[in-house]
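Trainee: If you scroll down you'll find the structure; I have some questions about it.
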Amino acid sequence: MIDISVIVVCFNEEDNIWACLESLTLQSYPVHNFEIVVVDGGSQDLTQSIIADFVKEYSHIRLVVEPRKGTAIGRNAGVWAAKHQFVAFIDADCEAPPDWLQNLADHFLHHNEVDSQVVAVGGGNIPPPDSNPFVQAVGVAMDSFVGSFNSAQGRQFAEAKYVSSLATLNVLYKKQEIVDIGGFDISLGSEAEDAELNFRLFSLGKQFVFIPELNVLHKFRPTPAVWFKNMVRYGRGRARLLKRYREMWSISYILPPIFLAAFCLLSLMFVHPIFSLPLLYFPVIIVYGVFLSAKKNQLGLSLHVAMVFIVQHFAYAIGEVSGLLNPRVK
């Protein structure tokens, strides 16, 4: 057994925090081998009251109030407060299966024994089975190259594999590795702070392993409007990293500006028909949505999946391009 500090960062999560903490209290992992550190960013709703009820009932749950805003600050506060040599992260809008911690610990010990450079293991995230059709469609869309560019956060890989980054909603790190590089970069606020931390570790030769079927239930953004806003933030966060680390550029981050530029050229389609070619994107993405939905035996989600792609692609491109062009985004 390894001793683990589970870190949950939250802010105004009264609708989600109870289910998250309840799932953590039901872990099969021995209770004396882990603690739960909840870092609250000064919530104005009932979040702290709900956490306080858990603290009263469970001696291994602690509340840390960090009034400074930003997910990076909150994650650092959790790491600094953690008592144990390993830290696991899960988001407040997620629920962990009962064997979550046990699987994280077992896989870390196995992969670290095979390769001492492995500093983190983690898994993916899937929508709860009772989610609305749009949220279910997000899960389908993200489990594709077009939806996630094979990001470990979205894909459901069939085998354990090395990846360049793991999402901090389902991951176990060796704590000292985070401490040694100064923790999460607080200048990023709540934008791409986990990707930036992983990039620094990866650049030092550290390794990350994705574990298949080690999923948490994640309450994805429930409507196209909220999904759009979130993806703009993701795109802007990526722009910050691309400005800071030139070596991070790849074809996957060149495509969003090209995508947006192509649609801007639609204004010239009356000059020459070739400029109307970007319009083919819509029927193609609808057909692809049907294909993915059929593959998952959820054909009824076809149009929702297409909507997820359309919202995501435009929003992410807008976020990345605006971030690259805005000198204040750095």
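Each chain of the structure tokens is named A, B, ... in the order shown, its residues numbered from 1; ligands are numbered from 1 in display order.
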Check the DSSP output for the backbone and give back, as a ChimeraX atom specification, the residues of stretch 31-136 of chain A in strand (DSSP E or B).
Mentor: /A:34-40,61-65,86-89,94-95,118-122,125-126
Trainee: With C-alpha atoms kept, could you save the residues just selected as a short mmCIF file (atom, residue, chain, number, x, y, z; two decimals), in the first residue's frame?
Mentor:
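Dumped to part26.cif:
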```cif
data_model
loop_
_atom_site.label_atom_id
_atom_site.label_comp_id
_atom_site.auth_asym_id
_atom_site.auth_seq_id
_atom_site.Cartn_x
_atom_site.Cartn_y
_atom_site.Cartn_z
CA PHE A 34 -5.46 7.96 2.34
CA GLU A 35 -6.83 11.35 3.16
CA ILE A 36 -9.13 13.70 1.25
CA VAL A 37 -8.05 17.34 1.03
CA VAL A 38 -10.79 19.62 -0.27
CA VAL A 39 -9.54 23.04 -1.35
CA ASP A 40 -12.31 25.60 -1.61
CA ILE A 61 -11.39 14.58 5.22
CA ARG A 62 -9.93 18.07 5.60
CA LEU A 63 -11.05 21.45 4.28
CA VAL A 64 -8.50 24.01 3.14
CA VAL A 65 -9.86 27.44 2.24
CA PHE A 86 1.41 10.53 -3.43
CA VAL A 87 -1.33 12.90 -4.55
CA ALA A 88 -4.39 12.01 -6.59
CA PHE A 89 -6.55 14.63 -8.29
CA CYS A 94 -16.65 13.98 -11.01
CA GLU A 95 -17.46 10.76 -9.18
CA VAL A 118 6.95 7.04 -14.59
CA VAL A 119 5.73 9.80 -12.28
CA ALA A 120 1.99 9.62 -12.89
CA VAL A 121 -0.77 7.26 -13.98
CA GLY A 122 -4.33 8.16 -14.78
CA ASN A 125 -13.66 10.38 -18.00
CA ILE A 126 -17.10 9.43 -19.21
#
```
Trainee: Quick one: everything within 7 Å of stretch 19-23 of chain A, counting only C-alpha atoms, minus sequence neighbours fewer than 4 positions away in the same chain. Send it as a VMD selection string.
Mentor: chain A and resid 27 92 to 98
Trainee: So that I can check the surroundings of A:Ser322, please list as a PyMOL selection string every protein, DNA and RNA residue that reaches within 10 Å of it, counting only C-alpha atoms and ignoring chain neighbours fewer than 3 positions away.
Mentor: chain A and resi 232+235-236+239+257+316-319+325-327+329
Trainee: Applying 12 Å and only C-alpha atoms, which residues near A:Asn198 remain after dropping the ones on its own chain fewer than 2 positions away? List them as a PyMOL selection string.
Mentor: chain A and resi 118-121+163-168+171+173+177-178+181+183-185+192-196+200-209+241+248
Trainee: Using only C-alpha atoms, please write the residues we just selected to a file, as a tab-separated table (two decimals), in the first residue's frame.
Mentor:
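Saved file selection.tsv follows:
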```tsv
chain	number	residue	atom	x	y	z
A	118	VAL	CA	6.95	7.04	-14.59
A	119	VAL	CA	5.73	9.80	-12.28
A	120	ALA	CA	1.99	9.62	-12.89
A	121	VAL	CA	-0.77	7.26	-13.98
A	163	VAL	CA	1.09	9.59	-23.14
A	164	SER	CA	2.51	13.10	-22.97
A	165	SER	CA	-0.07	14.40	-20.51
A	166	LEU	CA	-2.84	13.28	-18.15
A	167	ALA	CA	-5.85	15.29	-17.07
A	168	THR	CA	-5.97	16.27	-13.40
A	171	VAL	CA	-4.62	11.03	-12.02
A	173	TYR	CA	1.28	11.71	-9.10
A	177	GLU	CA	7.91	15.42	-8.60
A	178	ILE	CA	5.36	18.26	-8.49
A	181	ILE	CA	9.42	21.77	-10.28
A	183	GLY	CA	4.08	23.16	-8.52
A	184	PHE	CA	1.42	24.42	-10.92
A	185	ASP	CA	2.07	27.75	-12.61
A	192	ALA	CA	-4.20	24.80	-19.10
A	193	GLU	CA	-2.44	24.64	-15.75
A	194	ASP	CA	-2.38	20.83	-15.79
A	195	ALA	CA	-1.11	20.63	-19.39
A	196	GLU	CA	1.67	23.09	-18.52
A	200	ARG	CA	7.51	20.63	-17.83
A	201	LEU	CA	7.69	17.16	-16.33
A	202	PHE	CA	7.65	15.50	-19.75
A	203	SER	CA	10.47	17.80	-20.91
A	204	LEU	CA	12.56	16.47	-18.03
A	205	GLY	CA	12.12	12.92	-19.29
A	206	LYS	CA	9.33	11.98	-16.92
A	207	GLN	CA	6.69	9.55	-18.15
A	208	PHE	CA	2.90	9.32	-17.88
A	209	VAL	CA	0.86	6.15	-18.35
A	241	LEU	CA	1.28	27.61	-23.73
A	248	MET	CA	4.96	22.60	-28.08
```
Trainee: For A:Pro133, please output as a list of chain:residue names all residues within 7 Å (counting only C-alpha atoms; exclusion window: fewer than 2 positions along the same chain).
Mentor: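 Skipping anything fewer than 2 positions along the chain leaves A:Ser131, A:Val135, A:Gln136, A:Ala137, A:Leu301, A:His304.
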Trainee: Restricted to C-alpha atoms, what would the selected residues look like written as a short mmCIF file (atom, residue, chain, number, x, y, z; two decimals), in the first residue's frame?
Mentor:
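Result file is part.cif:
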```
data_model
loop_
_atom_site.label_atom_id
_atom_site.label_comp_id
_atom_site.auth_asym_id
_atom_site.auth_seq_id
_atom_site.Cartn_x
_atom_site.Cartn_y
_atom_site.Cartn_z
CA SER A 131 -26.87 12.46 -18.54
CA VAL A 135 -23.64 15.41 -22.44
CA GLN A 136 -23.75 11.83 -23.71
CA ALA A 137 -22.83 13.16 -27.14
CA LEU A 301 -27.23 10.87 -30.58
CA HIS A 304 -26.06 15.89 -30.92
#
```
Trainee: Which residue, A:Val321, A:Val305, A:Val311, A:Leu266, has the smallest gap to A:Val140 when you use only C-alpha atoms?
Mentor: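 For A:Val140, the nearest of the candidates is A:Val305.
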Trainee: Between atom CA of A:Asp180 and atom CA of A:Trp80, what is the distance, to one decimal in Å?
Mentor: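 That distance, rounded to one decimal, is 11.9 Å.
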Trainee: Write down as a ChimeraX atom specification the residues belonging to stretch 76-152 of chain A that are assigned helix (DSSP H, G or I) by DSSP computed on the backbone.
Mentor: /A:76-81,100-114,133-142,145-148
Trainee: Quick one: residues within 7 Å of stretch 275-285 of chain A, only C-alpha atoms counted, chain neighbours fewer than 4 positions away excluded, as a VMD selection string?
Mentor: chain A and resid 262 to 263 265 to 266 268 to 269 289 306
Trainee: Leaving out A:Leu214 and any residue of its chain fewer than 2 positions from it, which residues lie within 6 Å of it when counting only C-alpha atoms, given as a PyMOL selection string?
Mentor: chain A and resi 123+211-212
Trainee: Find, counting only C-alpha atoms, the residue in A:Gln102, A:Asn76, A:Asn112, A:Thr25 that gets nearest to A:Phe54.
Mentor: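 Under the stated criterion, the closest residue is A:Thr25.
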Trainee: Determine the nearest neighbour of A:Val79 from the options A:Ser5, A:Asn103, A:Ser49, A:Ser28, counting only C-alpha atoms.
Mentor: A:Ser5
Trainee: When you draw a straight line from atom CA of A:Ala105 to atom CA of A:Ile186, how long is it in Å?
Mentor: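 For atom CA of A:Ala105 relative to atom CA of A:Ile186, the distance reads 27.8 Å.
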